[in-house]
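Enquirer: my_file.cif (mmCIF, C-alpha atoms) pasted underneath:
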data_query
loop_
_atom_site.label_atom_id
_atom_site.label_comp_id
_atom_site.auth_asym_id
_atom_site.auth_seq_id
_atom_site.Cartn_x
_atom_site.Cartn_y
_atom_site.Cartn_z
CA GLN A 198 72.96 167.61 97.97
CA ASP A 199 72.41 163.96 98.81
CA VAL A 200 72.89 161.08 96.40
CA ASP A 201 69.39 159.80 95.68
CA GLU A 202 67.64 156.68 94.42
CA GLN A 203 64.87 156.80 91.84
CA LYS A 204 63.48 155.08 88.78
CA ILE A 205 65.12 156.21 85.57
CA THR A 206 64.24 155.79 81.90
CA GLU A 207 67.22 155.67 79.58
CA THR A 208 66.85 156.98 76.05
CA ILE A 209 68.88 155.49 73.19
CA GLN A 210 69.26 157.69 70.12
CA LEU A 211 69.39 156.05 66.69
CA GLN A 212 70.64 157.87 63.59
CA ALA A 213 68.69 155.94 60.98
CA GLN A 214 68.86 156.15 57.21
CA ILE A 215 65.68 155.64 55.21
CA PHE A 216 66.20 152.89 52.63
CA ASP A 217 62.66 152.24 51.41
CA THR A 218 59.40 154.13 51.22
CA SER A 219 56.28 152.22 50.36
CA PRO A 220 52.75 152.94 49.25
CA THR A 221 51.54 151.72 52.68
CA LYS A 222 52.48 155.11 54.17
CA SER A 223 55.47 153.83 56.11
CA ALA A 224 59.21 154.05 55.64
CA LEU A 225 61.88 151.48 56.41
CA ALA A 226 65.13 152.64 57.99
CA SER A 227 68.39 151.19 59.21
CA ALA A 228 70.64 152.29 62.10
CA TRP A 229 73.89 150.90 63.48
CA LEU A 230 74.52 150.64 67.22
CA PRO A 231 77.15 149.09 69.48
CA VAL A 232 76.19 145.46 70.08
CA SER A 233 75.81 146.12 73.83
CA ASP A 234 73.02 148.66 73.13
CA ALA A 235 71.41 146.67 70.31
CA LYS A 236 71.07 143.57 72.52
CA ARG A 237 68.72 145.58 74.74
CA LEU A 238 66.31 146.26 71.86
CA ASP A 239 63.56 143.92 70.74
CA PRO A 240 61.30 143.79 67.68
CA GLY A 241 58.08 145.61 68.48
CA THR A 242 59.75 148.22 70.72
CA LEU A 243 58.24 151.62 69.97
CA VAL A 244 60.34 154.53 68.71
CA SER A 245 59.65 158.22 68.21
CA THR A 246 61.43 160.48 65.73
CA ASP A 247 62.66 164.04 65.74
CA ARG A 248 59.99 164.77 63.11
CA GLY A 249 57.15 163.73 65.40
CA LEU A 250 56.60 160.40 63.64
CA ALA A 251 56.12 157.11 65.47
CA GLY A 252 57.46 153.71 64.55
CA GLU A 253 58.79 150.45 65.85
CA ILE A 254 61.84 148.25 65.72
CA THR A 255 61.25 145.45 63.23
CA GLY A 256 64.50 143.58 63.73
CA VAL A 257 68.03 143.51 65.13
CA SER A 258 70.61 141.86 62.91
CA THR A 259 73.75 139.94 63.70
CA GLU A 260 76.85 141.87 64.62
CA LEU A 261 79.61 143.17 62.37
CA ASN A 262 82.73 144.79 63.85
CA GLU A 263 81.10 145.16 67.29
CA GLN A 264 78.11 146.91 65.67
CA ALA A 265 74.58 145.61 65.05
CA GLU A 266 72.05 146.83 62.53
CA VAL A 267 68.65 147.85 63.88
CA LEU A 268 65.77 147.92 61.39
CA LEU A 269 62.88 150.34 61.87
CA SER A 270 59.45 150.84 60.35
CA ILE A 271 58.30 154.47 60.66
CA SER A 272 54.74 155.62 60.06
CA ASP A 273 54.79 158.29 57.35
CA PRO A 274 51.16 159.22 56.52
CA LYS A 275 52.15 162.42 54.67
CA LYS A 276 55.03 160.69 52.80
CA GLU A 277 57.60 163.20 54.12
CA LEU A 278 60.46 160.70 54.39
CA LYS A 279 62.63 160.08 51.34
CA SER A 280 65.07 157.24 50.62
CA GLY A 281 68.65 158.13 51.51
CA LYS A 282 67.66 160.77 54.10
CA PHE A 283 68.39 160.45 57.81
CA VAL A 284 66.04 160.62 60.78
CA THR A 285 66.82 160.58 64.51
CA ALA A 286 64.77 158.02 66.39
CA SER A 287 64.56 157.65 70.18
CA VAL A 288 63.87 154.49 72.16
CA ALA A 289 62.87 154.78 75.83
CA LEU A 290 64.13 151.93 78.03
CA PRO A 291 62.83 152.04 81.61
CA ARG A 292 65.23 150.58 84.19
CA GLY A 293 63.77 148.07 86.60
CA GLY A 294 63.53 149.36 90.16
CA LEU A 295 65.38 152.14 91.90
CA VAL A 296 68.93 153.11 90.88
CA THR A 297 71.47 155.44 92.48
CA VAL A 298 71.41 158.84 90.76
CA VAL A 299 72.96 162.31 90.97
CA PRO A 300 72.20 165.52 89.10
CA LYS A 301 74.06 165.74 85.78
CA GLU A 302 75.82 168.95 86.87
CA ALA A 303 77.49 167.06 89.76
CA VAL A 304 79.47 164.82 87.36
CA VAL A 305 82.75 165.81 85.72
CA HIS A 306 83.87 163.80 82.69
CA SER A 307 87.59 164.18 81.97
CA ALA A 308 90.45 162.39 80.29
CA GLU A 309 91.13 160.78 83.67
CA GLY A 310 87.59 159.38 83.92
CA SER A 311 84.34 160.48 85.52
CA PHE A 312 84.14 161.77 89.06
CA ALA A 313 82.12 163.76 91.59
CA TYR A 314 83.08 165.84 94.59
CA VAL A 315 81.93 164.29 97.87
CA ASP A 316 81.65 165.82 101.35
CA ASN A 317 83.80 163.69 103.65
CA GLY A 318 83.51 165.02 107.20
CA GLY A 319 83.68 168.67 106.12
CA TRP A 320 86.33 168.08 103.45
CA THR A 321 85.52 167.98 99.75
CA VAL A 322 87.09 164.95 98.09
CA ARG A 323 87.17 164.13 94.38
CA THR A 324 85.83 160.59 93.97
CA GLU A 325 86.07 158.46 90.83
CA ILE A 326 82.70 157.14 89.70
CA GLU A 327 81.29 154.87 87.03
CA THR A 328 78.22 156.28 85.30
CA GLY A 329 75.34 154.58 83.52
CA ALA A 330 72.21 155.95 81.92
CA GLU A 331 71.38 159.65 81.71
CA ALA A 332 67.78 160.83 81.75
CA GLU A 333 65.84 163.92 82.75
CA GLY A 334 68.89 165.74 84.14
CA MET A 335 69.98 162.78 86.29
CA VAL A 336 72.92 160.37 85.85
CA GLU A 337 72.87 156.77 87.06
CA ILE A 338 75.83 155.89 89.31
CA LEU A 339 77.04 152.31 88.89
CA ASP A 340 80.02 152.57 91.27
CA GLY A 341 81.79 155.06 93.53
CA LEU A 342 78.85 156.71 95.33
CA TYR A 343 76.16 155.40 97.62
CA PHE A 344 72.65 156.47 98.52
CA GLY A 345 72.88 159.21 101.16
CA ASP A 346 76.40 160.42 100.29
CA ARG A 347 76.61 164.22 100.23
CA ILE A 348 77.90 165.66 96.95
CA VAL A 349 78.71 169.06 95.50
CA THR A 350 76.52 170.15 92.59
CA LYS A 351 77.73 173.75 92.21
CA PRO A 352 80.40 175.00 91.39
CA VAL A 353 81.79 171.63 90.30
CA MET A 354 83.75 172.92 87.29
CA ALA A 355 85.29 175.70 89.41
CA LEU A 356 86.49 173.05 91.89
CA TRP A 357 87.93 170.97 89.04
CA MET A 358 89.77 173.97 87.53
CA THR A 359 91.13 175.00 90.95
CA GLU A 360 92.34 171.46 91.57
CA LEU A 361 94.06 171.34 88.16
CA GLN A 362 95.75 174.66 88.80
CA LEU A 363 97.01 173.63 92.25
CA LEU A 364 98.12 170.10 91.36
CA LYS A 365 99.44 170.64 87.85
CA SER A 366 100.51 174.29 87.97
CA GLY A 367 97.70 175.21 85.59
CA LYS A 368 98.49 172.52 83.01
CA ALA A 369 95.35 170.59 82.08
#
I'd like the structure from this file rewritten - as structure tokens, please.

Expert:
Amino acid sequence: QDVDEQKITETIQLQAQIFDTSPTKSALASAWLPVSDAKRLDPGTLVSTDRGLAGEITGVSTELNEQAEVLLSISDPKKELKSGKFVTASVALPRGGLVTVVPKEAVVHSAEGSFAYVDNGGWTVRTEIETGAEAEGMVEILDGLYFGDRIVTKPVMALWMTELQLLKSGKA
């Protein structure tokens, strides 16, 4: 399969704890994220929850130990959310323009890093890659592959296991 370019929408998952429920049929929640992810979020950004409830980001606090607190307001018309309970919220962040992508099954993540197997003139070569966002079964490639490269998508894990066995005498 060829390495492709397409638009991709990254989804950030927030594990948020409800800290206040109000008579206005909404709940306030707090989640902690790495600062690099939190900097990409703005007040007013819409979120959806695993319970089918909608909400929005109301604020992003200053950082503490490389983490930032993200505050959420979640619509709760049936008053299902209770203080102290957790909810999973998702934020969709569309990337601007086309990015280089490969199918998720073409990427191997190991202790040595992430890589893909590339066709190089009839030979299959393991190539180190740097990955970005994952969405809809596709993985963004930041470095290591280029649009039009031919990659192996199946049986990637069988190739990896065969390579380990040959190079390391079966020791992973």

Enquirer: Quick check on the file I pasted: which residues fall under the PyMOL selection byres ((chain A and resi 348) around 8)? Write them as a PyMOL selection string.

Expert: chain A and resi 198-200+303+313-316+346-347+349-350

Enquirer: Once the PyMOL selection byres ((chain A and resi 324) around 9) is applied to the coordinates I shared, what remains selected? I want it as a list in words.

Expert: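 Applying the PyMOL selection byres ((chain A and resi 324) around 9) to the structure shown produces Ser311, Phe312, Ala313, Tyr314, Val315, Val322, Arg323, Glu325, Ile326, Gly341 and Leu342 of chain A.
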
Enquirer: Counting all atoms listed in the file, find the residues whose atoms lie at most 10 Å from (55.2, 145.5, 70.9) (file coordinates) and write them out as a list in words.

Expert: Asp239, Pro240, Gly241, Thr242, Leu243, Glu253, Ile254 and Thr255 of chain A

Enquirer: With distances taken over only C-alpha atoms, which residue among A:Val284, A:Met335, A:Leu290, A:Ala265 lies nearest A:Trp229?

Expert: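 With only C-alpha atoms as the atom set, the closest residue is A:Ala265.
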
Enquirer: Expand the PyMOL selection byres ((chain A and resi 278-283) around 12) into the individual residues it matches in the shown file, reporting them as number ranges by chain.

Expert: A: 211-219, 222-228, 246-250, 270-277, 284-286

Enquirer: Keeping C-alpha atoms for every residue in the selection just given, could you write it to a file as a CSV table (one decimal), in the frame of the given file?

Expert:
chain,number,residue,atom,x,y,z
A,211,LEU,CA,69.4,156.0,66.7
A,212,GLN,CA,70.6,157.9,63.6
A,213,ALA,CA,68.7,155.9,61.0
A,214,GLN,CA,68.9,156.2,57.2
A,215,ILE,CA,65.7,155.6,55.2
A,216,PHE,CA,66.2,152.9,52.6
A,217,ASP,CA,62.7,152.2,51.4
A,218,THR,CA,59.4,154.1,51.2
A,219,SER,CA,56.3,152.2,50.4
A,222,LYS,CA,52.5,155.1,54.2
A,223,SER,CA,55.5,153.8,56.1
A,224,ALA,CA,59.2,154.0,55.6
A,225,LEU,CA,61.9,151.5,56.4
A,226,ALA,CA,65.1,152.6,58.0
A,227,SER,CA,68.4,151.2,59.2
A,228,ALA,CA,70.6,152.3,62.1
A,246,THR,CA,61.4,160.5,65.7
A,247,ASP,CA,62.7,164.0,65.7
A,248,ARG,CA,60.0,164.8,63.1
A,249,GLY,CA,57.2,163.7,65.4
A,250,LEU,CA,56.6,160.4,63.6
A,270,SER,CA,59.4,150.8,60.4
A,271,ILE,CA,58.3,154.5,60.7
A,272,SER,CA,54.7,155.6,60.1
A,273,ASP,CA,54.8,158.3,57.4
A,274,PRO,CA,51.2,159.2,56.5
A,275,LYS,CA,52.2,162.4,54.7
A,276,LYS,CA,55.0,160.7,52.8
A,277,GLU,CA,57.6,163.2,54.1
A,284,VAL,CA,66.0,160.6,60.8
A,285,THR,CA,66.8,160.6,64.5
A,286,ALA,CA,64.8,158.0,66.4

Enquirer: Using all atoms listed in the file, can you tell me which of A:His306, A:Thr321, A:Val267, A:Pro220 comes closest to A:Asp234?

Expert: A:Val267

Enquirer: Using all atoms listed in the file for the distances, tell me which of A:Ala289, A:Gln210, A:Ser245, A:Val304 is nearest to A:Leu356.

Expert: A:Val304

Enquirer: Which is closer to A:Ser287 than all the others in A:Ala332, A:Ala251, A:Ile209, A:Val299, using all atoms listed in the file?

Expert: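 Selected residue with least distance to A:Ser287: A:Ile209.
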
Enquirer: What does the distance between atom CA of A:Gly256 and atom CA of A:Gly293 come to in Å, to one decimal place?

Expert: 23.3 Å

Enquirer: Any idea what the distance is between atom CA of A:Glu337 and atom CA of A:Lys301?

Expert: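 One can read the atom CA of A:Glu337 to atom CA of A:Lys301 distance as 9.1 Å.
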